[in-house]
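Dropping upload.cif in here (mmCIF, C-alpha atoms):
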```cif
data_entry
loop_
_atom_site.label_atom_id
_atom_site.label_comp_id
_atom_site.auth_asym_id
_atom_site.auth_seq_id
_atom_site.Cartn_x
_atom_site.Cartn_y
_atom_site.Cartn_z
CA MET A 76 35.18 38.77 157.99
CA ALA A 77 35.00 41.11 160.99
CA LEU A 78 37.53 38.83 162.67
CA ARG A 79 40.20 40.66 160.67
CA ASP A 80 39.79 43.42 163.29
CA LEU A 81 40.48 41.06 166.18
CA HIS A 82 43.51 42.14 168.22
CA ILE A 83 44.59 40.30 171.35
CA PRO A 84 47.49 42.19 172.95
CA SER A 85 50.64 40.17 173.49
CA GLN A 86 53.18 40.46 176.28
CA GLU A 87 55.68 41.94 173.84
CA GLY A 88 53.02 44.42 172.75
CA ALA A 89 52.61 45.53 176.37
CA ARG A 90 56.37 45.98 176.69
CA LEU A 91 56.40 47.99 173.47
CA HIS A 92 53.65 50.26 174.80
CA GLN A 93 55.73 50.93 177.91
CA THR A 94 58.78 51.73 175.73
CA ILE A 95 56.75 54.16 173.59
CA ASP A 96 55.41 55.95 176.66
CA LEU A 97 58.86 56.27 178.20
CA MET A 98 60.32 57.56 174.92
CA ILE A 99 57.66 60.24 174.48
CA ARG A 100 58.05 61.52 178.03
CA GLN A 101 61.84 61.56 177.79
CA SER A 102 61.82 63.36 174.44
CA TYR A 103 60.13 66.36 176.07
CA ARG A 104 62.74 66.59 178.84
CA TYR A 105 65.16 68.27 176.45
CA ARG A 106 62.75 70.67 174.73
CA ASN A 107 61.50 73.15 177.29
CA PRO A 108 59.34 75.78 175.52
CA GLU A 109 60.16 78.21 178.34
CA SER A 110 63.79 78.24 177.19
CA ALA A 111 64.94 80.62 174.47
CA GLU A 112 67.54 78.02 173.53
CA THR A 113 64.74 75.65 172.49
CA TRP A 114 63.43 78.19 169.98
CA LYS A 115 66.93 78.91 168.69
CA SER A 116 67.34 75.20 168.02
CA ILE A 117 63.95 75.01 166.26
CA GLY A 118 64.93 77.99 164.13
CA GLY A 119 68.10 76.25 163.03
CA GLU A 120 70.49 78.28 165.19
CA THR A 121 72.21 75.12 166.38
CA LYS A 122 75.64 76.71 166.85
CA ALA A 123 74.24 79.26 169.25
CA SER A 124 72.18 76.69 171.15
CA LYS A 125 73.26 75.72 174.68
CA LEU A 126 70.58 73.06 175.11
CA LEU A 127 71.47 69.95 177.03
CA PRO A 128 71.95 67.45 174.19
CA ALA A 129 69.68 64.42 174.38
CA PRO A 130 71.56 61.11 174.22
CA ALA A 131 71.14 59.66 170.74
CA GLY A 132 68.81 56.71 170.78
CA ALA A 133 65.81 55.03 169.20
CA ALA A 134 63.89 51.79 169.57
CA MET A 135 63.47 48.92 167.13
CA VAL A 136 60.55 46.57 166.49
CA THR A 137 61.08 43.49 164.34
CA GLY A 138 59.17 40.40 163.28
CA PHE A 139 58.04 38.47 160.25
CA SER A 140 55.19 39.95 158.23
CA GLY A 141 51.90 39.28 159.99
CA THR A 142 53.21 38.92 163.55
CA GLY A 143 51.43 42.09 164.68
CA LYS A 144 54.26 44.58 165.14
CA THR A 145 52.60 47.46 163.24
CA GLN A 146 49.26 46.89 164.95
CA ALA A 147 50.99 46.88 168.33
CA VAL A 148 52.57 50.26 167.57
CA LEU A 149 49.39 51.86 166.23
CA ARG A 150 47.22 50.53 169.04
CA SER A 151 49.73 51.83 171.58
CA PHE A 152 49.45 55.26 169.98
CA ALA A 153 45.66 54.95 170.06
CA THR A 154 45.68 54.70 173.87
CA TYR A 155 46.59 58.40 174.06
CA PRO A 156 43.59 60.75 174.30
CA SER A 157 44.57 62.69 171.20
CA GLN A 158 47.24 62.73 168.51
CA VAL A 159 47.11 66.53 168.42
CA ILE A 160 46.80 68.72 171.51
CA TYR A 161 45.79 72.35 171.06
CA HIS A 162 47.33 74.82 173.49
CA GLU A 163 45.31 78.02 173.37
CA ARG A 164 48.13 79.89 175.09
CA PHE A 165 51.70 78.89 174.39
CA ARG A 166 54.98 80.73 174.89
CA HIS A 167 56.31 82.45 171.73
CA MET A 168 53.08 81.56 169.87
CA ALA A 169 50.52 84.37 169.50
CA ALA A 170 47.84 82.09 168.07
CA GLY A 171 48.55 79.13 170.36
CA LEU A 172 50.08 75.84 169.31
CA HIS A 173 48.92 72.51 167.92
CA GLN A 174 51.23 69.96 169.53
CA LEU A 175 51.72 66.72 167.57
CA VAL A 176 52.23 63.88 170.04
CA TYR A 177 53.00 61.06 167.58
CA LEU A 178 53.31 60.48 163.85
CA SER A 179 53.52 57.21 161.94
CA THR A 180 54.35 56.66 158.28
CA ASP A 181 55.73 53.96 155.98
CA VAL A 182 59.13 54.04 154.37
CA PRO A 183 58.21 54.15 150.64
CA ALA A 184 58.90 51.17 148.40
CA SER A 185 61.44 53.23 146.45
CA GLY A 186 63.56 53.81 149.57
CA LYS A 187 64.37 57.34 148.38
CA SER A 188 64.58 60.49 150.49
CA GLY A 189 62.17 62.50 148.34
CA ASP A 190 59.45 59.88 148.63
CA LEU A 191 59.99 59.47 152.38
CA ALA A 192 59.81 63.24 152.86
CA ALA A 193 56.57 63.33 150.85
CA ASN A 194 55.10 60.56 153.03
CA LEU A 195 56.08 62.46 156.17
CA MET A 196 54.61 65.70 154.87
CA MET A 197 51.32 64.07 153.85
CA SER A 198 51.07 62.26 157.20
CA PHE A 199 51.74 65.53 159.03
CA ASP A 200 49.07 67.44 157.06
CA GLN A 201 46.56 64.64 157.56
CA ALA A 202 47.18 64.47 161.32
CA MET A 203 47.07 68.24 161.75
CA ASN A 204 44.18 68.73 159.29
CA SER A 205 46.29 71.35 157.54
CA SER A 206 47.82 72.16 154.16
CA ARG A 207 51.20 73.23 155.52
CA PHE A 208 53.19 71.23 152.96
CA SER A 209 50.81 71.42 149.98
CA ALA A 210 53.01 73.89 148.08
CA THR A 211 56.12 71.76 148.56
CA LEU A 212 54.32 68.58 147.52
CA GLN A 213 52.97 70.20 144.33
CA ARG A 214 56.42 71.03 142.99
CA LYS A 215 57.50 68.80 140.14
CA ARG A 216 61.12 68.53 141.22
CA ASN A 217 62.23 68.53 144.80
CA ASP A 218 65.48 67.88 146.65
CA GLY A 219 64.67 65.02 149.02
CA MET A 220 67.17 66.03 151.68
CA LYS A 221 65.94 69.64 151.68
CA MET A 222 62.37 68.37 152.01
CA LEU A 223 63.37 66.26 155.01
CA ASP A 224 65.03 69.29 156.62
CA GLU A 225 61.90 71.36 156.02
CA TRP A 226 59.69 68.67 157.52
CA ARG A 227 61.98 68.23 160.55
CA GLN A 228 61.94 71.94 161.34
CA VAL A 229 58.13 72.12 161.16
CA ALA A 230 57.73 68.92 163.20
CA SER A 231 60.11 70.30 165.83
CA SER A 232 58.19 73.57 166.04
CA HIS A 233 55.02 71.59 166.74
CA PHE A 234 56.85 69.61 169.44
CA LEU A 235 56.45 66.18 167.86
CA GLY A 236 56.87 63.59 170.62
CA ILE A 237 57.71 60.44 168.66
CA LEU A 238 58.15 59.48 165.01
CA HIS A 239 57.41 55.93 163.85
CA LEU A 240 58.91 54.71 160.56
CA ASP A 241 57.44 51.39 159.43
CA GLU A 242 58.66 48.98 156.71
CA ILE A 243 62.31 49.97 157.16
CA GLN A 244 63.37 47.08 154.91
CA ASN A 245 62.39 49.40 152.04
CA PHE A 246 65.58 51.37 152.70
CA PHE A 247 67.41 48.49 151.06
CA LYS A 248 67.59 47.02 147.57
CA ILE A 249 66.28 43.53 146.84
CA PRO A 250 69.16 41.45 145.41
CA THR A 251 68.95 40.45 141.76
CA LEU A 252 67.69 36.99 140.81
CA GLU A 253 71.22 36.02 139.78
CA ARG A 254 72.63 36.95 143.19
CA ARG A 255 69.82 35.11 144.99
CA ARG A 256 70.56 31.96 142.98
CA ALA A 257 74.25 32.24 143.79
CA ALA A 258 73.48 32.65 147.48
CA LYS A 259 71.41 29.45 147.50
CA LYS A 260 74.49 27.50 146.40
CA SER A 261 76.70 29.00 149.10
CA GLU A 262 76.60 28.95 152.88
CA GLN A 263 76.59 32.76 153.07
CA GLY A 264 73.41 34.81 153.19
CA LEU A 265 72.81 37.80 150.98
CA GLU A 266 73.83 41.24 152.17
CA LEU A 267 71.32 43.97 151.38
CA SER A 268 72.56 47.29 150.03
CA ILE A 269 70.98 50.60 150.95
CA VAL A 270 69.15 52.50 148.22
CA GLU A 271 70.34 55.98 149.25
CA ASP A 272 73.32 56.33 151.60
CA SER A 273 72.57 59.96 152.41
CA LEU A 274 69.10 58.98 153.67
CA LEU A 275 70.44 56.58 156.29
CA LYS A 276 72.94 59.24 157.37
CA SER A 277 70.05 61.70 157.65
CA ILE A 278 68.16 59.30 159.94
CA LEU A 279 71.25 58.86 162.10
CA ASN A 280 71.58 62.63 162.25
CA PHE A 281 67.89 62.83 163.23
CA THR A 282 68.54 60.62 166.28
CA ASN A 283 71.59 62.72 167.19
CA THR A 284 70.16 66.22 166.84
CA SER A 285 66.35 66.37 166.62
CA GLN A 286 65.68 65.31 170.25
CA ILE A 287 62.49 63.66 168.90
CA ALA A 288 62.02 60.00 169.84
CA LEU A 289 62.35 57.61 166.88
CA LEU A 290 60.71 54.19 166.59
CA LEU A 291 61.66 51.90 163.69
CA SER A 292 59.87 48.71 162.65
CA GLY A 293 60.33 46.17 159.90
CA THR A 294 61.01 42.59 158.91
CA PRO A 295 64.18 40.78 160.06
CA ASP A 296 66.03 41.29 156.76
CA GLY A 297 65.74 45.09 156.96
CA VAL A 298 66.42 45.26 160.70
CA GLY A 299 69.47 43.06 160.25
CA ALA A 300 70.78 45.24 157.44
CA MET A 301 70.37 48.37 159.57
CA THR A 302 72.22 46.88 162.53
CA LYS A 303 75.42 45.70 160.87
CA ARG A 304 77.55 48.40 162.50
CA ILE A 305 77.70 48.69 166.27
CA ALA A 306 77.68 52.51 166.12
CA THR A 307 74.38 52.38 164.21
CA THR A 308 72.92 49.57 166.29
CA GLN A 309 73.60 51.39 169.56
CA ARG A 310 71.50 54.32 168.41
CA PHE A 311 68.65 52.33 166.88
CA VAL A 312 68.03 49.97 169.81
CA ALA A 313 69.33 51.94 172.80
CA GLN A 314 65.79 52.64 174.07
CA GLY A 315 64.32 49.24 173.33
CA TYR A 316 64.36 46.17 171.11
CA HIS A 317 61.07 44.33 170.58
CA PRO A 318 61.04 41.09 168.58
CA PHE A 319 57.54 39.88 167.67
CA ALA A 320 57.76 36.13 167.23
CA GLN A 321 55.21 33.79 165.70
CA PHE A 322 53.40 31.29 167.95
CA SER A 323 55.30 28.04 168.36
CA GLY A 324 52.59 25.55 169.37
CA GLY A 325 53.13 22.88 172.05
CA ASN A 326 54.61 24.84 174.94
CA ASP A 327 53.57 28.31 173.80
CA ARG A 328 51.54 29.54 176.76
CA GLU A 329 50.56 32.80 175.10
CA PHE A 330 48.93 30.89 172.24
CA HIS A 331 47.27 28.03 174.15
CA LYS A 332 46.19 30.00 177.23
CA ILE A 333 45.37 33.43 175.82
CA PHE A 334 45.13 33.85 172.04
CA PHE A 335 43.62 30.53 170.93
CA PRO A 336 40.89 30.20 173.62
CA ALA A 337 39.69 33.70 172.73
CA LEU A 338 39.68 32.86 169.01
CA CYS A 339 37.72 29.63 169.59
CA ARG A 340 34.74 31.69 170.77
CA TYR A 341 34.25 32.87 167.20
CA GLN A 342 32.90 29.71 165.55
CA TYR A 343 29.84 30.44 163.45
CA ALA A 344 28.32 26.96 163.33
CA LYS A 345 25.90 25.01 165.52
CA LYS A 346 28.43 22.23 166.08
CA THR A 347 31.79 23.75 167.01
CA ILE A 348 35.24 22.28 167.64
CA PRO A 349 36.13 22.22 171.34
CA HIS A 350 39.23 24.09 172.37
CA SER A 351 42.04 21.56 172.76
CA GLU A 352 45.80 21.28 172.49
CA ASN A 353 45.50 19.06 169.41
CA PHE A 354 43.23 21.54 167.63
CA GLY A 355 45.61 24.36 168.51
CA ASN A 356 48.61 22.45 167.22
CA LEU A 357 46.80 21.82 163.94
CA ILE A 358 46.34 25.58 163.52
CA ILE A 359 50.04 26.14 164.23
CA GLU A 360 50.99 23.47 161.70
CA LEU A 361 48.89 25.07 158.97
CA THR A 362 49.97 28.67 159.67
CA ALA A 363 53.47 28.45 161.22
CA GLY A 364 51.98 30.48 164.08
CA ILE A 365 51.72 33.78 162.15
CA PRO A 366 48.75 35.61 163.74
CA ARG A 367 47.58 37.25 160.49
CA VAL A 368 47.61 33.86 158.73
CA VAL A 369 45.78 32.25 161.67
CA ILE A 370 42.94 34.75 161.26
CA ALA A 371 42.91 34.30 157.47
CA LEU A 372 42.74 30.50 157.89
CA TRP A 373 39.92 30.82 160.45
CA ILE A 374 37.82 32.83 158.02
CA ALA A 375 38.65 30.56 155.07
CA ALA A 376 37.73 27.43 157.05
CA HIS A 377 34.29 28.89 157.73
CA ARG A 378 33.85 29.51 154.01
CA VAL A 379 34.70 25.87 153.33
CA ALA A 380 32.24 24.73 156.00
CA PHE A 381 29.46 26.96 154.64
CA GLU A 382 30.06 25.67 151.12
CA ARG A 383 29.51 22.07 152.30
CA ARG A 384 25.96 22.98 153.34
CA LYS A 385 25.75 19.91 155.57
CA ASN A 386 25.27 19.45 159.32
CA ASP A 387 26.00 23.12 160.08
CA ASP A 388 29.28 22.16 161.72
CA LEU A 389 32.95 23.09 161.64
CA SER A 390 35.58 20.34 161.43
CA PRO A 391 39.40 20.06 161.38
CA GLU A 392 39.12 18.93 157.77
CA ASP A 393 37.65 22.34 156.88
CA PHE A 394 40.84 23.99 158.12
CA LYS A 395 43.05 21.59 156.17
CA LYS A 396 41.06 22.13 152.98
CA ALA A 397 41.07 25.91 153.48
CA ALA A 398 44.85 25.88 153.88
CA HIS A 399 45.34 24.04 150.59
CA THR A 400 42.77 26.01 148.59
CA TYR A 401 42.18 29.60 149.69
CA LEU A 402 45.62 29.90 151.32
CA SER A 403 47.56 27.62 148.97
CA PRO A 404 49.99 30.35 147.75
CA LEU A 405 51.16 30.74 151.36
CA MET A 406 51.95 27.08 151.94
CA PRO A 407 55.56 27.11 150.63
CA ALA A 408 56.38 30.04 152.93
CA ILE A 409 54.63 28.29 155.85
CA ALA A 410 56.66 25.13 155.22
CA SER A 411 59.82 27.22 155.05
CA LEU A 412 59.09 28.90 158.39
CA ARG A 413 58.26 25.62 160.08
CA SER A 414 61.49 24.04 158.83
CA GLN A 415 63.70 26.72 160.47
CA ASP A 416 66.29 25.71 157.88
CA PRO A 417 68.26 28.80 156.75
CA LYS A 418 68.83 27.35 153.26
CA ILE A 419 65.09 26.83 152.75
CA MET A 420 64.15 30.15 154.36
CA ARG A 421 66.52 31.92 151.95
CA ASN A 422 63.92 31.32 149.22
CA PHE A 423 61.95 34.16 150.83
CA GLU A 424 64.01 37.31 151.22
CA ASP A 425 62.07 38.61 154.25
CA LEU A 426 62.32 35.38 156.26
CA MET A 427 66.08 35.34 156.76
CA PRO A 428 67.13 37.05 160.02
CA ARG A 429 70.36 39.01 159.74
CA GLU A 430 70.92 40.35 163.28
CA ASP A 431 73.20 38.49 165.65
CA GLY A 432 70.81 38.43 168.60
CA PHE A 433 73.00 40.49 170.95
CA TRP A 434 70.44 43.21 171.60
CA SER A 435 67.52 40.82 172.02
CA THR A 436 69.62 38.99 174.65
CA PHE A 437 70.57 42.30 176.27
CA TRP A 438 66.97 43.49 176.62
CA ASN A 439 65.79 40.06 177.81
CA ASP A 440 68.43 40.25 180.56
CA VAL A 441 67.19 43.74 181.47
CA ARG A 442 63.61 42.45 181.77
CA ARG A 443 64.66 39.59 184.04
CA THR A 444 66.42 41.98 186.38
#
```

Re-express the file's structure as structure tokens.
Amino acid sequence: MALRDLHIPSQEGARLHQTIDLMIRQSYRYRNPESAETWKSIGGETKASKLLPAPAGAAMVTGFSGTGKTQAVLRSFATYPSQVIYHERFRHMAAGLHQLVYLSTDVPASGKSGDLAANLMMSFDQAMNSSRFSATLQRKRNDGMKMLDEWRQVASSHFLGILHLDEIQNFFKIPTLERRRAAKKSEQGLELSIVEDSLLKSILNFTNTSQIALLLSGTPDGVGAMTKRIATTQRFVAQGYHPFAQFSGGNDREFHKIFFPALCRYQYAKKTIPHSENFGNLIIELTAGIPRVVIALWIAAHRVAFERRKNDDLSPEDFKKAAHTYLSPLMPAIASLRSQDPKIMRNFEDLMPREDGFWSTFWNDVRRT
């Protein structure tokens, strides 16, 4: 079961780490604590501020559930010595300053501003080991947009370097069953609608005015819905676009040369299965190359082998049986992913990509040059 903690960094994960580091460093270029204008901006005196405005921009991470995008973000953050840096002496601060380098939180399932603000406030208090927002959170009725403004001002005053919002698909409503059935009969995919228009506008305003780096991550349906307008897309992917794809088998070097050989070391039987291309392709066939499912299958296959109580070995049949017993609810989704047929993939709302691929092509061209 400890294999659930296994993380083998991918090439895209390394690129994402570089993007995060660049974003954090750039975000501090525009917020010099030596400047009085910085403190005017933090205090809300935006009209009086003469700060050099930071170009609006964020970065986007996308991928099907289980491809490792959230882990890649969190493990990148974990490479920094500390999430909070205490400055004993800091300009304009008599008692010093606790600087918050990064903050990560989920977009709530409700997709509403009040719930997102509450998540941000709780994440802030947990990271800072404080009760700064306890009074606000205890109120029975709160204005979500006012809460977000309060949180932004406090985060700015603690010089937050980067904010990560995960599960951005929660900003959007899941279509009704009737609409999903109608979409299956047509050639057109479903368009998601945002839960709270003012919240998306607030996030756009955050990228324009806060000068804090913003990193967004989510499944293709949510990312596609957020990038339908070029004005929005330019801001959300201007600093990076990182698609986390599932392993594809046959010619996938990252799987056959890096991930799978490392995984094959963890066989808890006297007679193991040698690492081979055929064995690897079987794993891809049973999991559609989703890393989280690969690990779940690996653990389940060992359970099947242990239950046999014979020969103390591990066999390909154990993996097949595990896939159709312990992981059986996943098999329709796995078949859908392997088919790459949009009509079949439409049965699962978070499997249907809705972005046109322009920005992934753009950033791939940048990498090649």

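Here the PyMOL selection byres ((chain A and resi 210-221) around 7) catches exactly these residues: A:Ser188, A:Gly189, A:Ala192, A:Ala193, A:Phe208, A:Ser209, A:Met222, A:Leu223, A:Asp224, A:Glu225.
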
Checklist entry - So which residues touch Arg150 (chain A) within 12 Å, counting only C-alpha atoms, skipping near sequence neighbours fewer than 3 positions away, as number ranges by chain? => result A: 80-85, 88-89, 91-92, 95, 143-147, 153-155, 179

Written selection (C-alpha atoms) as a CSV table (one decimal), in the coordinates of the input:
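See selection_34.csv below for the written result:
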```csv
chain,number,residue,atom,x,y,z
A,80,ASP,CA,39.8,43.4,163.3
A,81,LEU,CA,40.5,41.1,166.2
A,82,HIS,CA,43.5,42.1,168.2
A,83,ILE,CA,44.6,40.3,171.4
A,84,PRO,CA,47.5,42.2,173.0
A,85,SER,CA,50.6,40.2,173.5
A,88,GLY,CA,53.0,44.4,172.8
A,89,ALA,CA,52.6,45.5,176.4
A,91,LEU,CA,56.4,48.0,173.5
A,92,HIS,CA,53.6,50.3,174.8
A,95,ILE,CA,56.8,54.2,173.6
A,143,GLY,CA,51.4,42.1,164.7
A,144,LYS,CA,54.3,44.6,165.1
A,145,THR,CA,52.6,47.5,163.2
A,146,GLN,CA,49.3,46.9,165.0
A,147,ALA,CA,51.0,46.9,168.3
A,153,ALA,CA,45.7,55.0,170.1
A,154,THR,CA,45.7,54.7,173.9
A,155,TYR,CA,46.6,58.4,174.1
A,179,SER,CA,53.5,57.2,161.9
```

Checklist entry - Which of these, A:Lys346, A:Met406, A:Tyr341, A:Ala111, has the shortest distance to Met76 (chain A) once you count only C-alpha atoms? => result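 Counting only C-alpha atoms, the residue closest to Met76 (chain A) is A:Tyr341.
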
Compile the contact shell of Tyr105 (chain A) as a compact mmCIF listing (two decimals) with C-alpha atoms, keeping the file's coordinate frame: residues with an atom at most 12 Å away, counting only C-alpha atoms, same-chain residues fewer than 4 positions apart removed.
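Just written: selection.txt:
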```
# COMPACT_ATOMS: atom_id res chain seq x y z
CA MET A 98 60.32 57.56 174.92
CA ILE A 99 57.66 60.24 174.48
CA ARG A 100 58.05 61.52 178.03
CA GLN A 101 61.84 61.56 177.79
CA GLU A 109 60.16 78.21 178.34
CA SER A 110 63.79 78.24 177.19
CA GLU A 112 67.54 78.02 173.53
CA THR A 113 64.74 75.65 172.49
CA TRP A 114 63.43 78.19 169.98
CA SER A 116 67.34 75.20 168.02
CA LYS A 125 73.26 75.72 174.68
CA LEU A 126 70.58 73.06 175.11
CA LEU A 127 71.47 69.95 177.03
CA PRO A 128 71.95 67.45 174.19
CA ALA A 129 69.68 64.42 174.38
CA PRO A 130 71.56 61.11 174.22
CA ALA A 131 71.14 59.66 170.74
CA SER A 231 60.11 70.30 165.83
CA PHE A 234 56.85 69.61 169.44
CA GLY A 236 56.87 63.59 170.62
CA THR A 284 70.16 66.22 166.84
CA SER A 285 66.35 66.37 166.62
CA GLN A 286 65.68 65.31 170.25
CA ILE A 287 62.49 63.66 168.90
CA ALA A 288 62.02 60.00 169.84
```

Next on the checklist: As an exercise, work out the distance from CA of Leu357 (chain A) to CA of Gly324 (chain A) in Å and give it to one decimal place.
Outcome noted: 8.8 Å

Taking every listed atom of region 291-299 of chain A and adding 4 Å to each side, what centre and edge lengths in Å (one decimal) does the axis-aligned box have, as AutoDock Vina command-line options?
```
--center_x 64.7 --center_y 46.3 --center_z 160.2 --size_x 17.6 --size_y 19.1 --size_z 14.9
```

Next on the checklist: Quick one: residues within 6 Å of region 363-375 of chain A, all atoms listed in the file, excluding same-chain residues fewer than 5 positions away - as a ChimeraX atom specification?
Outcome noted: /A:141-142,321-323,397,409,413
